[in-house]
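Undergrad: Okay, handing you the structure first.
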Amino acid sequence: MITPEAAALVRDHTVYACVMGSRAFGLATSGSDTDRRGVFLAPTPLFWRFTKPPTHVEGPADEQFSWELERFCELALRADPNVLECLYSPLVERIDATGRELLDLRGAFLSRRAHETFVRYARGRRRKLEADVRVHGAPRWKHAMHLLRLLASGRDLLRTGELRIEVGDAREELLAVRRGEVPWPEVERRMNRLAEENDEAVARSPLPPDPDRARVEDFLVRTRRASVSRA
C-alpha cells in the first residue's frame with residue numbers, strides 16, 4: 001500500500017504525467033485500461049536524511065506509476081523502452097517548466113543502445129509467449145500484439161533517429177493479432193523479420209553510439225539546486 005509520504009510526492013511534486021499503453025499507442029479498444037505514468041521531483045532536502053525518498057511510486061490511482069526524476073533519467077539513458085516511450089506519449093496530462101525541459105531533452109537520451117534494450121526486452125517477452133503456447137496451445141494475444149509493436153518501434157527508431165509510439169496505419173493489422181485472428185506461426189515469422197530488421201538498422205543508424213549523459217546530468221544538477229532555493 002502506498003504511504004501518505006509517497007502519495008504526497010506524486011500529488012505535489014509531479015513534473016510530468018502522461019497516459020501510456022494502448023491508448024497512447026493508438027491500439028485502445030472499449031475494454032482498454034488507462035495506464036498513467038509520471039515523473040516527480042523529490043525536494044532536494046529529502047536526500048539529506050538517512051531515509052531517502054523513493055525511486056518510484058506505484059499509485060495512488062489504479063494503473064498509475066511514477067519515477068523520481070533521477071531514476072527516470074538513469075533508465076532513459078540506458079534506453080529502457082518503457083521509460084523512453086513515456087517521453088513521446090501524445091497524451092500529456094500534467095507538465096510544468098521542469099517537465100517541459102525534460103521533454104526538450106528527449107534527443108539526449110536516444111542512442112544505438114536502443115537496439116540492445118528493445119530487442120532484449122522483446123526476446124524476454126517472446127520466451128514467455130512461447131511458454132504459453134507450449135502449456136496452453138496459444139499465446140496471450142495481447143502480449144503478442146505489443147511485442148510486434150515494440151519491435152517495429154525499435155526498428156523505426158534505429159532507421160530514422162526518431163521515436164514514434166503511435167502505430168498509425170498498422171493499427172488494424174495489430175488488432176487482428178490481439179483478436180487471435182493471425183496464426184501463431186505467422187506471428188513468429190513477423191517477429192523474426194522485425195528482429196532481423198532491427199539488426200540491419202543499427203549498423204546504419206543516424207543515432208549516436210551513446211546518449212548525451214553530460215547534458216542530462218547538467219539538467220539534473222540544475223534542477224536539484226533550484227529545488228534547494230525553493231525549500
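Here's how to read the names in the C-alpha cells: chain A, B, ... by the order shown, residue numbers from 1 in each chain, ligand numbers from 1 in the order shown.
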If you run DSSP over the backbone, which residues in region 21-149 of chain A end up helix (DSSP H, G or I)? Put them as a ChimeraX atom specification.
TA: /A:22-25,44-48,69-77,81-86,97-104,106-109,113-136,141-149
Undergrad: Quick one: residues within 10 Å of Leu105 (chain A), only C-alpha atoms counted, chain neighbours fewer than 6 positions away excluded, as a compact mmCIF listing (two decimals) with all heavy atoms, in the first residue's frame?
TA:
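Generated output (around-v7.txt):
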# COMPACT_ATOMS: atom_id res chain seq x y z
N LEU A 87 8.40 9.55 -22.80
CA LEU A 87 8.77 10.88 -23.26
C LEU A 87 8.08 11.27 -24.56
O LEU A 87 8.14 12.44 -24.96
CB LEU A 87 10.28 10.96 -23.44
CG LEU A 87 11.12 10.86 -22.15
CD1 LEU A 87 12.59 10.69 -22.50
CD2 LEU A 87 10.91 12.09 -21.28
N GLY A 99 9.18 19.72 -16.35
CA GLY A 99 8.73 18.68 -17.26
C GLY A 99 8.94 19.06 -18.71
O GLY A 99 9.34 18.22 -19.54
N ASP A 212 23.69 11.45 -24.57
CA ASP A 212 24.40 12.65 -24.10
C ASP A 212 24.24 12.74 -22.58
O ASP A 212 23.46 13.55 -22.06
CB ASP A 212 23.85 13.89 -24.79
CG ASP A 212 24.73 15.11 -24.60
OD1 ASP A 212 25.57 15.09 -23.67
OD2 ASP A 212 24.58 16.07 -25.36
N ARG A 215 24.77 16.25 -20.80
CA ARG A 215 23.67 17.20 -20.94
C ARG A 215 22.54 16.87 -19.96
O ARG A 215 21.96 17.76 -19.34
CB ARG A 215 23.15 17.17 -22.37
CG ARG A 215 22.09 18.20 -22.68
CD ARG A 215 21.65 18.10 -24.13
NE ARG A 215 20.44 18.87 -24.38
CZ ARG A 215 19.63 18.68 -25.41
NH1 ARG A 215 19.93 17.74 -26.31
NH2 ARG A 215 18.55 19.40 -25.55
N VAL A 216 22.25 15.59 -19.81
CA VAL A 216 21.20 15.17 -18.89
C VAL A 216 21.62 15.45 -17.44
O VAL A 216 20.82 15.92 -16.62
CB VAL A 216 20.87 13.68 -19.08
CG1 VAL A 216 19.86 13.20 -18.04
CG2 VAL A 216 20.32 13.43 -20.49
N PHE A 219 21.20 19.06 -16.52
CA PHE A 219 19.79 19.34 -16.23
C PHE A 219 19.42 18.88 -14.83
O PHE A 219 18.77 19.61 -14.07
CB PHE A 219 18.93 18.63 -17.28
CG PHE A 219 17.49 18.41 -16.87
CD1 PHE A 219 16.61 19.46 -16.70
CD2 PHE A 219 17.02 17.11 -16.65
CE1 PHE A 219 15.28 19.25 -16.33
CE2 PHE A 219 15.71 16.88 -16.29
CZ PHE A 219 14.83 17.96 -16.12
Undergrad: Closest to Pro206 (chain A) among A:Pro185, A:Gly161, A:Gly180, A:Gly168, using only C-alpha atoms?
TA: A:Gly161
Undergrad: Pick from A:Ala79, A:Val92, A:Ala201, A:Ala226: nearest to Gly38 (chain A), with only C-alpha atoms counted?
TA: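 The answer is A:Val92, which sits nearest to Gly38 (chain A).
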Undergrad: So what do you get for CA of Lys142 (chain A) versus CA of Leu27 (chain A), distance-wise?
TA: 10.3 Å
Undergrad: Quick one: of A:Leu220, A:Cys73, A:Thr34, A:Arg140, who's nearest to Lys128 (chain A), counting only C-alpha atoms?
TA: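 Of A:Leu220, A:Cys73, A:Thr34, A:Arg140, the one nearest Lys128 (chain A), counting only C-alpha atoms, is A:Arg140.
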